[in-house]
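Here the structure comes first, spelled out in structure tokens, and everything after it is commentary.
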Amino acid sequence: MRNRPVTIKDIARRLGISYSTVSRALSPRMAHLVKEQTRLLVRRTAAEMDYSPNLMAQAFVQGTEGVLGLVTSRIGQEFTGRQINHLVQAAARHGYQVLVAAVSSRTVSSGKTGGAERSAQSEQADQTEQTEQFMHLKARDVDGILVQALGDESESARIVHAAGGQLPVAAFGFAVDEVSSVLLNPAPGMRAVTEHLIGLGHERICFLGEDPIGSGGPRSHVEGYRSAMRGHGLSPRIVPVETGNARAGYNLGRALRGRYTALVCCSDYTALGVCRGLIESGVRVPDDMAVTGFGDSEVSAYVRPSLTTLSIPFEDMAARTVQGILRQIHGHPTPGRSVFKPHLIVRESCGADKTTP
């Protein structure tokens with residue numbers, strides 16, 4: 001019984017041809033370099049040998065172009081789930097299947113370890129596992145790898161080294177130097193929602209979310225809020241809360257009643273928790289306090305009051321990410337960096353329920 005995946009070398013040995021010929025025959029980019037008879041024989045043999053596993057067989061039977069790998073993290077969150085769903089759909093439109101490898105986002109549980117040290121160790125574990133998952137997909141001979149970037153300083157060198165100049169790579173979530181990257185800049189949206197609240201007469205507006213040192217997505221959330229507040233001569237107020245944690249939002253909602261007139265939240269789930277905590281504490285939303293979210297989750301339109309939020313162009317971002325890697329697969333220059341921004345959806349929780357275009 002075979003206890004390891006079939007490799008290109010196994011196929012080459014069975015057919016008595018070179019490894020490079022098998023590799024070219026199975027590659028959408030290079031198959032035209034192999035005689036049709038040989039190409040069909042290689043693909044038929046790959047299917048028979050259950051190569052990589054079953055993916056090449058499925059591609060051969062279904063007539064698809066090939067297989068893309070996807071390294072992702074935080075797979076259980078709705079935000080990431082929606083990203084992955086749109087990436088899979090975008091790849092399918094071009095005839096590609098997607099093989100997903102997930103980073104588990106581990107934490108260190110020792111009680112003797114401080115919070116900062118636990119965070120550093122968890123980040124290091126994520127970085128190590130990201131590389132491991134990348135290499136696992138590379139060993140499956142995928143045509144290219146999509147990477148949900150972690151956003152750390154060493155990520156570019158880590159990914160470029162792992163690819164070894166042999167495999168097309170595209171990143172999404174954060175910018176990765178020397179790699180085709182698609183990312184969201186939340187700052188314009190956070191500025192827009194804050195200015196909308198100011199336009200409704202609010203001055204004591206608090207941001208609920210992370211305020212990390214460095215660059216990247218979370219900081220852009222904060223900077224969009226800060227720039228709007230300072231632009232109107234108002235003092236920014238920031239209360240840290242774990243992103244996407246409804247219970248943390250709920251606890252803050254119970255604690256913050258009366259201190260502010262509006263809350264700008266880092267995610268819809270934080271905002272939904274906040275609304276529940278405020279209402280249970282006797283605070284009316286939005287009459288006494290306005291609340292806004294981020295992400296336009298499906299439930300945000302159906303709670304009461306419905307949630308004012310920022311919608312993310314997941315479909316457009318996924319399409320651009322897949323286009324970036326397909327350009328590389330077909331021999332075109334590596335695309336640069338594409339930046340998208342969210343747009344404001346106005347609903348009841350801010351005191352105005354007219355939806356913007």
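Ligands are numbered from 1 in the order shown, residues from 1 within each chain, and chains are lettered A, B, ... in the order they appear in the structure tokens.
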
Just the helix (DSSP H, G or I) stuff from region 135-295 of chain A, please, per backbone DSSP, written as number ranges by chain. A: 135-139, 155-163, 187-199, 217-231, 246-255, 268-280

Selection near Lys341 (chain A), 8 Å with only C-alpha atoms, sequence-local residues under 3 positions removed, as number ranges by chain: A: 184-189, 312-313

Give the answer as one residue: which of A:His232, A:His86, A:Arg13, A:Arg191 has the shortest atom-to-atom distance to Ser220 (chain A), using only C-alpha atoms?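 Smallest separation from Ser220 (chain A) among the options: A:Arg191.
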
Neighbouring residues of Asp143 (chain A) were defined as those with any atom within 9 Å, considering only C-alpha atoms; residues of the same chain fewer than 4 positions away were excluded. Please report them as a tab-separated table (two decimals) with C-alpha atoms, in the first residue's frame.
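The resulting file, out.tsv, is reproduced below:
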chain	number	residue	atom	x	y	z
A	27	SER	CA	1.50	22.47	-16.76
A	28	PRO	CA	-1.09	24.76	-18.42
A	29	ARG	CA	1.75	27.16	-19.19
A	66	GLY	CA	-5.27	23.33	-13.44
A	67	VAL	CA	-5.05	23.76	-9.68
A	68	LEU	CA	-4.23	26.76	-7.49
A	69	GLY	CA	-3.15	26.47	-3.87
A	138	LYS	CA	4.26	23.50	-3.57
A	167	LEU	CA	6.10	29.24	-8.69
A	168	PRO	CA	3.66	32.12	-9.35
A	329	ILE	CA	1.00	31.47	-14.97

Within region 116-319 of chain A, find each residue whose DSSP state, derived from the backbone, is strand (DSSP E), and express the selection as a PyMOL selection string. chain A and resi 144-148+169-173+180-184+205-208+237-239+262-265+290-292+309-311

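Across the structure, CA of Gly224 (chain A) and CA of Arg259 (chain A) are spaced 21.7 Å apart.
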
What's around Arg226 (chain A) at 6 Å? Count only C-alpha atoms, leave out sequence neighbours fewer than 3 positions away in its own chain, and write the answer as a PyMOL selection string. chain A and resi 223+229+236

Give me the residues within 10 Å of Asp296 (chain A) as a VMD selection string, counting only C-alpha atoms and dropping any in the same chain fewer than 5 places off. chain A and resid 79 267 to 269 301 307 to 312 342 to 345

Any chance you could export the current selection's N, CA and C atoms as a PDB file, in the first residue's frame?
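result_18.pdb was written with the following content:
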ATOM      1  N   PHE A  79     -15.628  36.800   7.793  1.00  0.00           N
ATOM      2  CA  PHE A  79     -14.885  37.700   6.922  1.00  0.00           C
ATOM      3  C   PHE A  79     -13.969  36.898   5.993  1.00  0.00           C
ATOM      4  N   SER A 267     -15.610  46.072  13.625  1.00  0.00           N
ATOM      5  CA  SER A 267     -16.240  44.990  12.869  1.00  0.00           C
ATOM      6  C   SER A 267     -17.732  44.959  13.178  1.00  0.00           C
ATOM      7  N   ASP A 268     -18.488  44.321  12.302  1.00  0.00           N
ATOM      8  CA  ASP A 268     -19.929  44.184  12.524  1.00  0.00           C
ATOM      9  C   ASP A 268     -20.227  43.408  13.798  1.00  0.00           C
ATOM     10  N   TYR A 269     -19.453  42.342  14.064  1.00  0.00           N
ATOM     11  CA  TYR A 269     -19.746  41.516  15.232  1.00  0.00           C
ATOM     12  C   TYR A 269     -19.472  42.266  16.530  1.00  0.00           C
ATOM     13  N   ALA A 301     -27.958  43.567   8.098  1.00  0.00           N
ATOM     14  CA  ALA A 301     -29.131  44.210   7.509  1.00  0.00           C
ATOM     15  C   ALA A 301     -30.439  43.752   8.140  1.00  0.00           C
ATOM     16  N   LEU A 307     -27.830  47.641  10.958  1.00  0.00           N
ATOM     17  CA  LEU A 307     -26.521  48.207  11.275  1.00  0.00           C
ATOM     18  C   LEU A 307     -25.937  49.032  10.134  1.00  0.00           C
ATOM     19  N   THR A 308     -25.620  50.278  10.432  1.00  0.00           N
ATOM     20  CA  THR A 308     -24.811  51.099   9.524  1.00  0.00           C
ATOM     21  C   THR A 308     -23.408  50.508   9.500  1.00  0.00           C
ATOM     22  N   THR A 309     -22.859  50.307   8.300  1.00  0.00           N
ATOM     23  CA  THR A 309     -21.593  49.587   8.213  1.00  0.00           C
ATOM     24  C   THR A 309     -20.843  49.974   6.951  1.00  0.00           C
ATOM     25  N   LEU A 310     -19.679  49.370   6.769  1.00  0.00           N
ATOM     26  CA  LEU A 310     -18.869  49.575   5.573  1.00  0.00           C
ATOM     27  C   LEU A 310     -18.803  48.269   4.799  1.00  0.00           C
ATOM     28  N   SER A 311     -19.174  48.324   3.531  1.00  0.00           N
ATOM     29  CA  SER A 311     -19.203  47.144   2.687  1.00  0.00           C
ATOM     30  C   SER A 311     -17.865  46.974   1.969  1.00  0.00           C
ATOM     31  N   ILE A 312     -17.379  45.734   1.931  1.00  0.00           N
ATOM     32  CA  ILE A 312     -16.083  45.426   1.334  1.00  0.00           C
ATOM     33  C   ILE A 312     -16.294  44.781  -0.035  1.00  0.00           C
ATOM     34  N   PRO A 342     -13.554  50.295   1.096  1.00  0.00           N
ATOM     35  CA  PRO A 342     -14.955  49.974   1.387  1.00  0.00           C
ATOM     36  C   PRO A 342     -15.854  51.176   1.115  1.00  0.00           C
ATOM     37  N   HIS A 343     -17.155  50.918   1.028  1.00  0.00           N
ATOM     38  CA  HIS A 343     -18.077  52.039   0.879  1.00  0.00           C
ATOM     39  C   HIS A 343     -19.167  51.973   1.948  1.00  0.00           C
ATOM     40  N   LEU A 344     -19.700  53.125   2.274  1.00  0.00           N
ATOM     41  CA  LEU A 344     -20.614  53.279   3.400  1.00  0.00           C
ATOM     42  C   LEU A 344     -22.021  52.790   3.061  1.00  0.00           C
ATOM     43  N   ILE A 345     -22.586  51.987   3.956  1.00  0.00           N
ATOM     44  CA  ILE A 345     -23.985  51.555   3.889  1.00  0.00           C
ATOM     45  C   ILE A 345     -24.693  52.139   5.111  1.00  0.00           C
TER      46      ILE A 345
END

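With CA of Gln323 (chain A) on one side and CA of Leu87 (chain A) on the other, the separation reads 10.4 Å.
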
Can you work out which one of A:Glu242, A:Asp141, A:Glu178, A:Asp50 has the shortest atom-to-atom distance to Leu26 (chain A), counting only C-alpha atoms?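 Checking each candidate against Leu26 (chain A), we get A:Asp141 as the closest.
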
Non-local contacts of Leu41 (chain A) (12 Å; only C-alpha atoms; under 2 positions in same chain excluded) as number ranges by chain: A: 11-12, 14-17, 21-22, 25-26, 34-39, 43-48, 60
